[in-house]
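Since the structure comes first, as structure tokens, the remarks are kept for the end.
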Amino acid sequence: MKKYNRTLLAATLIAALGVTGCGSDGSDGVDGAAGAAGADGAAGAAAGSVATTVENAFDLNITLAPADIVVVGADPFTLSFTAKNAAGVPFSGLEKIALYVTSQSANTTDTGAPMLWTNHALANDFGSSMYCTLTGTAEARGGAVVDACTLVEDAANPGTYTGSWAHDGNAPVVLADGSANDLARVFIRSYNVEMADGSGVSDKVLSTPLDFIPATGELAVSAKDSVSNAACIKCHSPMEGYADTDMRIANIGAHHNYQKVENCVACHNPAYAGGQDDPEKGFNANFNAMIHTIHAGHHIADSLTGDALEEFGGIGFPAELNECTVCHENENATQWNDNVYAEACVSCHVDVDLATGVNHKGIVPSSDAACSGCHGAGSLSPMEAHNVGARASVSEGLTFDFTSAVATATADPLVSTLTVVANVTLNGAAIEDGTDLSEYTTSTRRGFLIGNIDDKGTPIRGLGLSVLDDAVSLSGGVITVAKDFDTARLVGPIYVTAEVQVCAEGDMIVKCTKDADGDIEQLGVANSAPIKYFNLTDANAAEVVARFDDPALITVSEAKCNACHDNLTHVKGSHGVTEFTQCMDCHNNSYPGSYHGEVYQQDGVDDAGEPTFAMVPGLEFANRDLATVAHRFHSGLFAGETGAGIYLDADGELVNYPAVQTNCQACHKDTNAAGDAMTFFSGTGVLTSGRTAIDVSYSVTDKNGTPDDETDDITTAYSEFISPVAESCRSCHAHSGAAALAHFKSNGATVAGETAETAEGVAIESCATCHAEGKTYGIDKVHAGAAH
């Protein structure tokens with residue numbers, strides 16, 4: 001309503017009140033004639049034709065084209081873009097954005113990377129980005145009011161915005177002396193975007209970075225980016241909802257997640273670079289250097305100082321630190337090997353001082369140009385020096401091909417002999433007679449993994465032995481194992497594989513040597529031993545396969561593990577495993593006990609600022625089941641009293657796990673053997689794996705005898721079994737408390753303290769009623785995957 005009409009209405013109201021105050025002077029008069037119709041107002045937007053709220057961060061799509069922006073040269077700054085929601089409806093009401101502009105140019109010096117990023121606003125001493133608001137000013141971090149570009153929405157075309165600079169000079173994101181032929185990168189961050197309930201979006205709302213050549217307007221691809229978002233996502237999880245062509249990283253803690261490598265380099269470029277030797281900061285903030293220091297973390301903690309030690313010193317890289325291609329795996333993947341310069345190297349080799357030659361054999365290079373003289377090719381090139389791909393090159397260095405397994409009776413009816421035969425090759429040839437495998441192995445503990453398989457495919461270990469056991473003989477490239485066991489065990493189907501880690505140099509298995517500290521000098525690699533099955537009772541019986549080897553019964557895969565870990569061998573140290581069929585010998589639901597039964601959580605810090613840990617009372621585990629162990633380790637319930645690896649801090653927050661905690665697909669398969677979506681429950685409420693019970697049996701020995709004579713000792717065995725569903729859930733820290741335990745019990749779970757005496761005595765919980773896929777509280781909903 002116009003001001004004139006409001007004034008007239010007020011005068012009329014006052015007059016009416018005045019008349020009322022003096023009393024009535026008669027009846028109302030006759031209504032006057034109707035006035036002329038006013039002019040039609042502007043047509044409003046049709047219902048649903050614009051959006052003013054979003055459902056999540058990926059629901060707002062900002063489109064920016066090369067012709068829509070001037071960011072280099074002498075021309076005045078211009079900006080235009082469109083904003084729509086995921087359904088393509090124009091988004092109206094943006095009030096504040098930030099514009100990030102960088103360009104990539106050739107390095108004309110002999111120090112640093114061949115190509116460098118320049119942040120335009122930083123180059124103009126303005127800050128890392130430029131705001132655009134409705135008023136042309138903005139409140140920056142810290143409360144200071146700064147100049148901003150003026151943001152205007154086109155009233156005739158909702159969702160279409162322009163930005164202009166109304167202050168002195170050109171906009172700070174325009175690089176006056178930049179080259180229009182250099183690649184430019186632009187992206188927009190939107191502020192104060194709300195969801196329908198009025199709450200703010202939990203993640204940064206960012207446009208897809210636009211890479212283009214200003215001189216021609218052509219879209220471009222950076223020749224510098226040697227780490228893709230897909231590589232980061234392998235460990236950090238994908239943000240849910242974005243298209244595969246716009247992959248975003250879900251779980252980067254810094255600055256509340258800028259989601260893409262392309263976004264990170266807008267600030268983490270030479271403008272923010274610092275000396276690696278700054279004692280207070282302790283790291284170089286340039287992206288290439290900083291990422292190395294972060295991911296080297298605890299490997300180099302003894303050489304870190306200041307912020308680097310505090311923030312990165314506990315970070316453990318889940319893959320092998322020397323396997324550069326875990327991260328460097330895109331179309332520019334050889335740059336890390338071809339472009340050798342000090343900044344990238346000393347950010348990981350932090351104890352090297354190139355100014356003095358300390359830890360560099362006394363060599364002081366005159367500039368980065370000199371580095372390629374030694375490291376440009378050959379054994380000192382990054383690829384060769386780091387042994388990249390060495391495990392893969394010797395994956396068949398030691399192979400076992402099991403050909404038979406038979407049981408024969410002995411004079412004692414309670415004892416029979418198990419004889420297992422395998423062809424063995426070493427470095428591609430039949431292993432020679434007289435070969436002493438102990439000279440090649442990193443550990444003498446491991447060897448043949450042999451056990452029974454029950455009718456559910458569960459491994460029952462206990463028939464294995466060391467490859468160096470006296471029962472092992474070698475002749476003509478064939479190893480024969482002949483060992484006596486309990487006759488009752490030598491019936492029905494058995495599995496046979498091997499777990500031996502040996503030393504390798506280059507592409508050869510070699511004899512191990514040790515350095516002055518007693519550490520093995522070579523790379524430890526696993527043997528190859530495809531699992532084989534034999535029926536000791538009926539050689540012609542149908543083959544029974546372990547559930548770990550049955551695609552229909554196992555919901556995880558080595559490929560999922562290796563996406564982040566690269567290989568399982570280094571994860572298990574000296575064990576030498578490469579696949580679950582080797583892991584299953586120990587990590588199954590029929591093998592009770594745990595070497596890590598107690599749970600520790602951070603309870604403070606010591607005088608040096610290092611975290612201290614205390615045992616969590618009442619929270620213990622007594623099994624090695626693979627699901628339990630994997631959940632425990634990745635959710636912080638496996639850390640010992642030193643807190644090594646992934647752990648819970650004093651506030652219960654998870655430390656050192658890189659993925660989104662609810663992203664089950666980080667480990668579990670997306671589809672089953674039939675190609676359908678993977679489910680964790682069968683239609684009957686039983687787990688897809690077929691597990692119905694976990695053995696947590698134990699024994700107690702009363703020491704009635706003496707150390708020299710233990711014949712009076714009495715050992716009592718206790719047979720106990722618990723529910724696998726409840727134990728799998730309890731092994732994640734979010735469900736490990738008393739309330740969760742009560743919930744499990746109320747839904748029929750058999751839990752520690754209230755165990756069943758037999759596996760058959762464990763009832764099937766009613767968990768699937770609510771938590772099976774597709775249910776109201778299905779695991780596919782409550783663990784909906786990556787954050788958004």
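The chains in the structure tokens are called A, B, ... from first to last as shown; in each chain the residues are counted from 1, and the ligands are counted from 1 in the order shown.
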Next item on the list: Please report, as a ChimeraX atom specification, each residue of range 352-392 of chain A to which DSSP assigns alpha helix (DSSP H) when run on this structure's backbone.
Entry: /A:372-375,382-385,390-392
Item checked: 7 Å contact set for range 445-452 of chain A, only C-alpha atoms, chain neighbours under 3 positions out, as number ranges by chain -> A: 459-467, 493-500, 575, 585
Next item on the list: Would you kindly return, as a PyMOL selection string, each protein, DNA or RNA residue with an atom no farther than 7 Å from any atom of range 561-568 of chain A, considering only C-alpha atoms and excluding same-chain residues fewer than 5 positions away?
Entry: chain A and resi 234-235+318-319+326+577-578+667
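For the choices A:Cys327, A:Ala289, A:Cys371, A:Ala308, the atom-to-atom distance to His349 in chain A is smallest for A:Ala289 when using only C-alpha atoms.
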